$ cat protein10.cif   # mmCIF, C-alpha atoms
data_start
loop_
_atom_site.label_atom_id
_atom_site.label_comp_id
_atom_site.auth_asym_id
_atom_site.auth_seq_id
_atom_site.Cartn_x
_atom_site.Cartn_y
_atom_site.Cartn_z
CA MET R 1 141.99 113.71 53.97
CA GLY R 2 141.10 111.44 51.06
CA ALA R 3 144.14 109.30 51.81
CA ILE R 4 143.16 109.05 55.48
CA LEU R 5 139.62 107.94 54.62
CA PHE R 6 140.86 105.38 52.12
CA ILE R 7 143.37 103.94 54.61
CA ILE R 8 140.62 103.65 57.25
CA LEU R 9 138.32 101.95 54.74
CA ILE R 10 140.96 99.42 53.66
CA SER R 11 141.92 98.73 57.30
CA VAL R 12 138.32 97.94 58.23
CA LEU R 13 137.86 95.81 55.12
CA LEU R 14 140.98 93.79 55.93
CA PHE R 15 139.80 93.27 59.49
CA SER R 16 136.41 92.05 58.21
CA PHE R 17 138.25 89.09 56.61
CA ILE R 18 139.53 87.94 60.00
CA GLU R 19 137.00 89.30 62.48
CA LYS R 20 135.41 85.92 63.25
CA TYR R 21 138.86 84.61 64.22
CA THR R 22 139.70 87.57 66.48
CA LYS R 23 136.74 87.79 68.86
CA GLN R 24 138.79 89.26 71.69
CA LEU R 25 140.04 92.12 69.53
CA GLN R 26 136.77 92.71 67.72
CA LEU R 27 134.97 95.04 70.17
CA PRO R 28 138.05 97.06 71.33
CA PHE R 29 139.10 97.68 67.70
CA TYR R 30 135.49 98.55 66.80
CA ILE R 31 135.35 101.19 69.54
CA PHE R 32 138.78 102.48 68.53
CA MET R 33 137.63 102.89 64.92
CA GLY R 34 134.53 104.72 66.13
CA ILE R 35 136.72 107.22 68.00
CA ILE R 36 138.86 107.71 64.89
CA LEU R 37 135.78 108.36 62.75
CA VAL R 38 134.47 110.95 65.22
CA LEU R 39 137.86 112.68 65.31
CA VAL R 40 138.10 112.80 61.51
CA ALA R 41 134.58 114.18 61.07
CA GLY R 42 134.80 116.59 63.99
CA SER R 43 138.19 118.10 63.15
CA ARG R 44 137.68 118.44 59.39
CA GLU R 45 138.58 121.69 57.69
CA ILE R 46 135.66 123.99 56.98
CA GLY R 47 135.06 124.10 53.24
CA ILE R 48 136.28 120.59 52.46
CA ASP R 49 132.63 119.64 51.93
CA PRO R 50 129.72 121.66 50.47
CA ASP R 51 127.72 122.04 53.70
CA SER R 52 130.32 122.96 56.34
CA PRO R 53 130.57 126.68 55.36
CA ASN R 54 126.80 127.01 55.80
CA TYR R 55 126.88 125.22 59.15
CA ALA R 56 129.80 127.40 60.26
CA ALA R 57 127.82 130.53 59.36
CA LEU R 58 124.73 129.26 61.17
CA TYR R 59 126.85 128.41 64.21
CA GLN R 60 127.84 132.06 64.54
CA THR R 61 124.20 133.22 64.63
CA PRO R 62 122.19 130.64 66.60
CA ASN R 63 119.74 133.15 68.06
CA THR R 64 118.63 134.90 64.90
CA SER R 65 115.02 134.56 63.87
CA ASN R 66 116.20 133.62 60.37
CA LEU R 67 117.32 130.24 61.67
CA VAL R 68 113.78 129.26 62.61
CA GLY R 69 112.37 127.54 59.56
CA GLN R 70 115.80 126.80 58.09
CA VAL R 71 116.83 124.15 60.61
CA GLU R 72 115.24 122.07 63.34
CA TYR R 73 114.99 123.37 66.92
CA SER R 74 117.43 120.67 68.01
CA PHE R 75 120.11 122.35 65.89
CA ILE R 76 119.33 125.75 67.39
CA ILE R 77 119.45 124.36 70.94
CA ILE R 78 122.73 122.54 70.32
CA THR R 79 124.41 125.53 68.69
CA THR R 80 123.20 127.89 71.43
CA LEU R 81 124.62 125.66 74.16
CA LEU R 82 127.90 125.09 72.33
CA ASN R 83 128.37 128.82 71.76
CA HIS R 84 128.83 129.16 75.52
CA ILE R 85 131.68 126.63 75.37
CA SER R 86 133.51 127.27 72.11
CA ASP R 87 133.63 129.80 69.28
CA SER R 88 134.79 127.14 66.82
CA PRO R 89 132.18 125.55 64.51
CA ASN R 90 134.16 122.32 64.86
CA ALA R 91 132.51 121.91 68.26
CA LEU R 92 129.25 121.49 66.36
CA PHE R 93 130.83 118.97 63.98
CA PHE R 94 132.15 116.95 66.93
CA VAL R 95 128.75 116.75 68.65
CA TYR R 96 126.95 115.66 65.48
CA ALA R 97 129.74 113.21 64.62
CA ILE R 98 129.51 111.62 68.07
CA MET R 99 125.76 111.15 67.66
CA GLY R 100 125.79 110.08 63.99
CA VAL R 101 128.70 107.63 64.25
CA SER R 102 127.60 106.16 67.59
CA LEU R 103 124.02 105.50 66.50
CA LYS R 104 125.13 103.76 63.32
CA MET R 105 127.72 101.64 65.12
CA ILE R 106 125.10 100.60 67.68
CA ALA R 107 122.82 99.63 64.77
CA PHE R 108 125.55 97.54 63.09
CA LYS R 109 126.28 95.65 66.30
CA LYS R 110 122.59 94.93 66.83
CA TYR R 111 122.21 93.78 63.23
CA SER R 112 124.99 91.20 63.06
CA ASN R 113 127.91 89.65 64.91
CA GLN R 114 130.04 90.52 61.88
CA TYR R 115 129.64 94.22 62.38
CA PHE R 116 132.96 95.19 60.78
CA LEU R 117 131.50 94.30 57.41
CA SER R 118 128.65 96.78 57.96
CA LEU R 119 131.15 99.36 59.20
CA ALA R 120 133.22 98.98 56.02
CA ILE R 121 130.16 99.41 53.77
CA TYR R 122 129.15 102.48 55.80
CA LEU R 123 132.65 103.92 55.36
CA SER R 124 132.52 103.48 51.60
CA TYR R 125 129.70 106.00 51.08
CA PHE R 126 127.33 107.06 53.85
CA TYR R 127 130.01 108.11 56.35
CA GLU R 128 131.23 110.74 53.89
CA LEU R 129 127.70 111.75 52.90
CA HIS R 130 126.35 112.10 56.43
CA GLU R 131 129.12 112.67 58.93
CA LEU R 132 131.19 114.86 56.58
CA THR R 133 128.36 116.64 54.78
CA GLN R 134 124.70 116.27 55.81
CA ILE R 135 125.30 116.12 59.56
CA ARG R 136 121.66 116.57 60.60
CA ALA R 137 120.50 113.83 58.23
CA GLY R 138 123.39 111.74 59.57
CA VAL R 139 121.91 111.66 63.05
CA ALA R 140 118.39 111.04 61.71
CA SER R 141 119.57 108.11 59.60
CA GLY R 142 121.33 106.61 62.61
CA PHE R 143 118.04 106.49 64.49
CA PHE R 144 116.37 104.96 61.41
CA LEU R 145 118.94 102.18 61.05
CA ILE R 146 118.09 101.05 64.58
CA SER R 147 114.34 101.57 64.19
CA ILE R 148 114.01 99.38 61.09
CA LEU R 149 115.50 96.45 63.01
CA TYR R 150 112.88 96.93 65.73
CA THR R 151 110.18 97.10 63.03
CA ALA R 152 111.37 93.75 61.67
CA GLU R 153 111.20 92.30 65.20
CA GLY R 154 107.62 93.55 65.60
CA LYS R 155 108.62 96.14 68.23
CA ARG R 156 106.82 98.98 66.49
CA LYS R 157 106.50 101.32 69.49
CA LYS R 158 110.28 101.40 69.89
CA ALA R 159 110.67 101.86 66.15
CA ALA R 160 108.14 104.72 66.12
CA LEU R 161 109.90 106.45 69.01
CA LEU R 162 113.23 106.29 67.17
CA ILE R 163 111.73 107.73 63.98
CA CYS R 164 110.16 110.54 66.02
CA LEU R 165 113.59 111.27 67.49
CA ALA R 166 114.99 111.28 63.95
CA THR R 167 112.53 114.00 62.91
CA LEU R 168 113.91 116.24 65.68
CA PHE R 169 117.24 116.25 63.83
CA HIS R 170 115.95 116.30 60.24
CA ILE R 171 112.31 116.90 59.43
CA SER R 172 112.52 114.78 56.26
CA ALA R 173 112.66 111.71 58.54
CA ILE R 174 108.88 112.02 58.85
CA ALA R 175 108.80 110.31 55.44
CA LEU R 176 110.11 107.17 57.16
CA LEU R 177 106.91 106.64 59.17
CA PRO R 178 105.38 104.30 56.52
CA THR R 179 108.14 101.77 57.28
CA LEU R 180 106.37 101.07 60.59
CA PHE R 181 103.67 99.23 58.63
CA LEU R 182 106.03 96.94 56.74
CA SER R 183 105.89 93.23 57.48
CA ASN R 184 108.90 91.01 57.93
CA LYS R 185 107.06 87.90 56.73
CA PRO R 186 108.71 85.81 54.00
CA LEU R 187 108.16 87.36 50.58
CA ASN R 188 105.32 85.76 48.65
CA LYS R 189 105.17 85.77 44.85
CA LYS R 190 103.00 88.91 44.65
CA VAL R 191 105.37 90.91 46.85
CA GLN R 192 108.37 89.63 44.92
CA LEU R 193 106.76 90.68 41.64
CA LEU R 194 106.04 94.14 43.08
CA LEU R 195 109.64 94.49 44.18
CA TYR R 196 110.91 93.43 40.76
CA LEU R 197 108.67 96.02 39.09
CA SER R 198 109.38 98.87 41.54
CA ILE R 199 112.52 100.09 39.72
CA PRO R 200 111.01 100.19 36.18
CA LEU R 201 107.88 101.79 37.65
CA GLY R 202 110.02 104.60 39.08
CA TYR R 203 111.36 105.35 35.60
CA VAL R 204 107.84 105.28 34.12
CA ILE R 205 106.63 107.83 36.67
CA TYR R 206 109.69 110.00 36.06
CA PHE R 207 109.02 110.19 32.31
CA THR R 208 105.21 110.39 32.38
CA GLY R 209 103.97 111.28 35.83
CA SER R 210 105.57 114.58 36.83
CA SER R 211 103.20 116.84 34.89
CA ILE R 212 100.21 114.99 36.31
CA LEU R 213 101.44 115.47 39.87
CA PHE R 214 102.01 119.20 39.38
CA ASN R 215 98.50 119.68 37.99
CA LEU R 216 96.75 117.85 40.81
CA ASP R 217 94.64 120.23 42.90
CA LEU R 218 95.47 118.60 46.23
CA PRO R 219 95.59 120.57 49.48
CA LEU R 220 99.20 121.32 50.54
CA ILE R 221 100.72 118.62 48.31
CA GLY R 222 100.13 120.31 44.97
CA SER R 223 101.38 123.70 46.16
CA LYS R 224 104.41 122.10 47.83
CA LEU R 225 105.38 120.31 44.62
CA SER R 226 104.97 123.52 42.63
CA SER R 227 107.12 125.34 45.17
CA TYR R 228 109.92 122.78 44.78
CA GLN R 229 109.70 123.07 41.00
CA LYS R 230 109.84 126.89 41.02
CA THR R 231 112.84 126.77 43.34
CA THR R 232 114.66 124.45 40.96
CA GLU R 233 113.77 126.57 37.93
CA LYS R 234 115.15 129.69 39.64
CA GLY R 235 118.42 127.90 40.22
CA ILE R 236 118.15 127.85 44.00
CA GLY R 237 119.72 124.73 45.49
CA ILE R 238 120.17 123.03 42.16
CA VAL R 239 120.90 119.33 42.30
CA GLU R 240 121.44 117.46 39.07
CA MET R 241 119.25 114.47 38.40
CA GLU R 242 121.33 111.69 36.90
CA LEU R 243 119.37 108.69 35.71
CA LEU R 244 122.68 106.95 34.98
CA ASN R 245 124.22 107.82 38.35
CA PRO R 246 126.78 105.00 38.86
CA VAL R 247 126.06 104.76 42.59
CA TYR R 248 122.34 104.35 41.92
CA LEU R 249 122.87 101.81 39.13
CA LEU R 250 125.24 99.80 41.33
CA ASN R 251 122.58 99.74 44.05
CA VAL R 252 119.97 98.59 41.52
CA LEU R 253 122.21 95.73 40.41
CA ILE R 254 122.89 94.69 44.02
CA PHE R 255 119.17 94.89 44.85
CA TYR R 256 118.20 92.54 42.00
CA ILE R 257 120.94 90.06 42.89
CA LEU R 258 119.73 90.00 46.49
CA LEU R 259 116.11 89.66 45.36
CA ILE R 260 116.97 86.66 43.18
CA PHE R 261 118.67 84.96 46.14
CA GLN R 262 116.27 86.26 48.79
CA LYS R 263 115.35 82.78 50.07
CA THR R 264 118.99 81.90 50.74
CA ILE R 265 119.62 85.27 52.37
CA SER R 266 116.48 85.06 54.54
CA GLN R 267 117.70 81.78 56.03
CA LYS R 268 120.77 83.57 57.40
CA ASN R 269 119.41 87.08 57.86
CA LYS R 270 116.19 87.35 59.84
CA TYR R 271 115.74 91.01 58.81
CA ALA R 272 116.01 90.38 55.05
CA PRO R 273 112.31 90.63 53.99
CA VAL R 274 111.68 94.07 55.49
CA LEU R 275 115.12 95.37 54.46
CA LEU R 276 114.52 94.38 50.84
CA LYS R 277 111.23 96.29 50.89
CA VAL R 278 112.88 99.42 52.31
CA TYR R 279 115.72 99.10 49.82
CA SER R 280 113.26 98.95 46.92
CA ILE R 281 111.35 102.00 48.19
CA GLY R 282 114.56 104.02 48.30
CA LEU R 283 115.50 103.05 44.75
CA PHE R 284 111.95 103.72 43.56
CA LEU R 285 111.89 107.20 45.11
CA TYR R 286 115.11 108.22 43.38
CA THR R 287 113.59 108.05 39.91
CA SER R 288 109.88 108.56 40.62
CA LEU R 289 110.64 111.91 42.31
CA GLY R 290 113.40 112.73 39.84
CA PHE R 291 111.58 115.82 38.58
CA LEU R 292 112.27 117.27 42.06
CA PRO R 293 115.99 116.46 42.41
CA VAL R 294 116.50 117.74 45.96
CA LEU R 295 113.50 115.83 47.28
CA SER R 296 114.45 112.76 45.25
CA LEU R 297 117.97 112.59 46.68
CA ARG R 298 116.96 113.35 50.27
CA LEU R 299 114.18 110.77 50.51
CA SER R 300 115.84 108.03 48.48
CA GLU R 301 119.03 108.24 50.55
CA LEU R 302 117.02 108.09 53.76
CA TYR R 303 115.52 104.80 52.63
CA TYR R 304 118.28 103.05 50.77
CA ILE R 305 120.79 103.63 53.55
CA VAL R 306 119.76 100.04 54.39
CA HIS R 307 122.14 99.02 51.61
CA ILE R 308 124.71 99.04 54.44
CA TYR R 309 122.93 95.98 55.78
CA MET R 310 121.99 94.45 52.45
CA ILE R 311 125.36 94.55 50.66
CA GLY R 312 126.78 92.52 53.52
CA SER R 313 124.13 89.87 52.80
CA MET R 314 126.01 88.96 49.63
CA TYR R 315 128.33 87.15 52.03
CA TYR R 316 125.71 84.37 52.19
CA ILE R 317 125.23 83.75 48.46
CA ILE R 318 128.81 83.32 47.23
CA LYS R 319 131.19 80.52 48.13
CA PRO R 320 133.95 80.28 49.21
CA ARG R 321 133.46 83.00 51.83
CA TRP R 322 136.71 84.77 50.97
CA ALA R 323 135.35 85.28 47.46
CA SER R 324 132.20 86.93 48.80
CA LEU R 325 134.28 89.21 51.02
CA LEU R 326 136.48 90.07 48.05
CA LEU R 327 133.41 91.00 46.00
CA ILE R 328 132.08 93.19 48.83
CA THR R 329 135.51 94.83 49.05
CA MET R 330 135.35 95.68 45.34
CA ILE R 331 131.84 97.11 45.79
CA CYS R 332 133.03 99.28 48.70
CA ILE R 333 135.92 100.67 46.69
CA MET R 334 133.60 101.42 43.75
CA LEU R 335 131.13 103.21 46.04
CA PHE R 336 133.96 105.23 47.55
CA THR R 337 135.41 106.16 44.15
CA PHE R 338 132.14 106.92 42.34
CA GLY R 339 130.18 108.23 45.30
CA LEU R 340 132.34 111.06 46.61
CA PRO R 341 132.18 113.22 43.46
CA HIS R 342 128.37 113.00 43.52
CA MET R 343 128.22 114.47 47.04
CA GLY R 344 130.59 117.36 46.31
CA LEU R 345 133.67 115.65 47.73
CA SER R 346 135.53 115.02 44.47
CA ASP R 347 138.79 116.39 45.89
CA LEU R 348 138.83 113.57 48.44
CA VAL R 349 138.99 110.97 45.67
CA LYS R 350 142.34 112.37 44.63
CA ILE R 351 144.21 110.31 47.17
#
$ encode --input "protein10.cif" --output "structure tokens"
Amino acid sequence: MGAILFIILISVLLFSFIEKYTKQLQLPFYIFMGIILVLVAGSREIGIDPDSPNYAALYQTPNTSNLVGQVEYSFIIITTLLNHISDSPNALFFVYAIMGVSLKMIAFKKYSNQYFLSLAIYLSYFYELHELTQIRAGVASGFFLISILYTAEGKRKKAALLICLATLFHISAIALLPTLFLSNKPLNKKVQLLLYLSIPLGYVIYFTGSSILFNLDLPLIGSKLSSYQKTTEKGIGIVEMELLNPVYLLNVLIFYILLIFQKTISQKNKYAPVLLKVYSIGLFLYTSLGFLPVLSLRLSELYYIVHIYMIGSMYYIIKPRWASLLLITMICIMLFTFGLPHMGLSDLVKI
């Protein structure tokens, strides 16, 4: 399967070089690639990723009371309905793949006329993470990628509705509600300074702030943090916290490059100010919540999924254009190579 994914990624990257010259083929090929991505995610072998065995087991017992509290009601409803149609857990994978892939591809098309570039960046990391692993979060993130564009356009009711829909598929999406209050105004010097400092601040909190947070006597929050910590200490759902995670560090580097050239990018990308803010929040959460690895990864990935949009913005700061596309291609290949092992898909890198 690793070879198939890599071939798809390279095919989309190659098409991104010529997409503005092939307008008539652009949409049909885009839809065709969407169908391929759904087929790959839906028909995957159970066990090729860390989560599919658990989803397969849950699919066999959709009516048990144990499911309530483990997953959202949307999952229970979907699995119950599908059990009347098919005994195969792949039916579940197909339904979630259709939703996750479709929502993201709608978001890419709304974001830019050069939507193959966004598709390629998505294929390099988040397709594997969401549509092949965290399928519930995959649907939630699809809703978010559309909602943040509406937030930037000042259409906050539509954005709020989409985030609410996201929470029906993964409750962690409730953490995205603060994005509704973000402004898309040009970044002033104070905001720029805050964005520059957000990454170092995350490290400071990681090294000095965790003990303070655990000792705070706050209703619900303090006990919840302690619960997460005890779970980690018992070895339940362990996730390693890697401060030198290559995927994270690559995102940090890209973020600072984009921040330096934010004026140039904003002239071409009307969503840039709010996307840079969301990007910085995601990177900040990764380290600042690092003492709770599961929470850190879940929330940071929800936010910095906007890197799909932002990496493509490097197209505007490097000339000639083929050079910028070549750089983005290299970034995509690095994300694909370094990212898969960190999500439990190391076998897929062996192409």
$ residues_around --input "protein10.cif" --residues "R:Gln114" --least-positions-apart "5" --cutoff "9 Å" --atoms "all atoms listed in the file" --output "list in words"
Ser16, Glu19, Lys20, Phe108 and Lys109 of chain R
$ residues_near_point --input "protein10.cif" --point "(121.5, 101.0, 54.2)" --cutoff "8 Å" --atoms "only C-alpha atoms" --output "list in words"
Tyr122, Leu145, Tyr279, Tyr303, Tyr304, Ile305, Val306, His307, Ile308, Tyr309 and Met310 of chain R
$ closest_residue --input "protein10.cif" --among "R:Ile333, R:Gln262, R:Ile257, R:Leu117" --to "R:Lys189" --atoms "only C-alpha atoms"
R:Gln262
$ resolve_selection --input "protein10.cif" --expression "the PyMOL selection byres ((chain R and resi 33-41) around 8)" --output "ChimeraX atom specification"
/R:29-32,42-44,93-94,97-98,101-102,105,131-132
$ resolve_selection --input "protein10.cif" --expression "the PyMOL selection byres ((chain R and resi 335) around 9)" --output "JSON, numbers by chain"
{"R": [121, 124, 125, 246, 247, 250, 330, 331, 332, 333, 334, 336, 337, 338, 339, 340]}
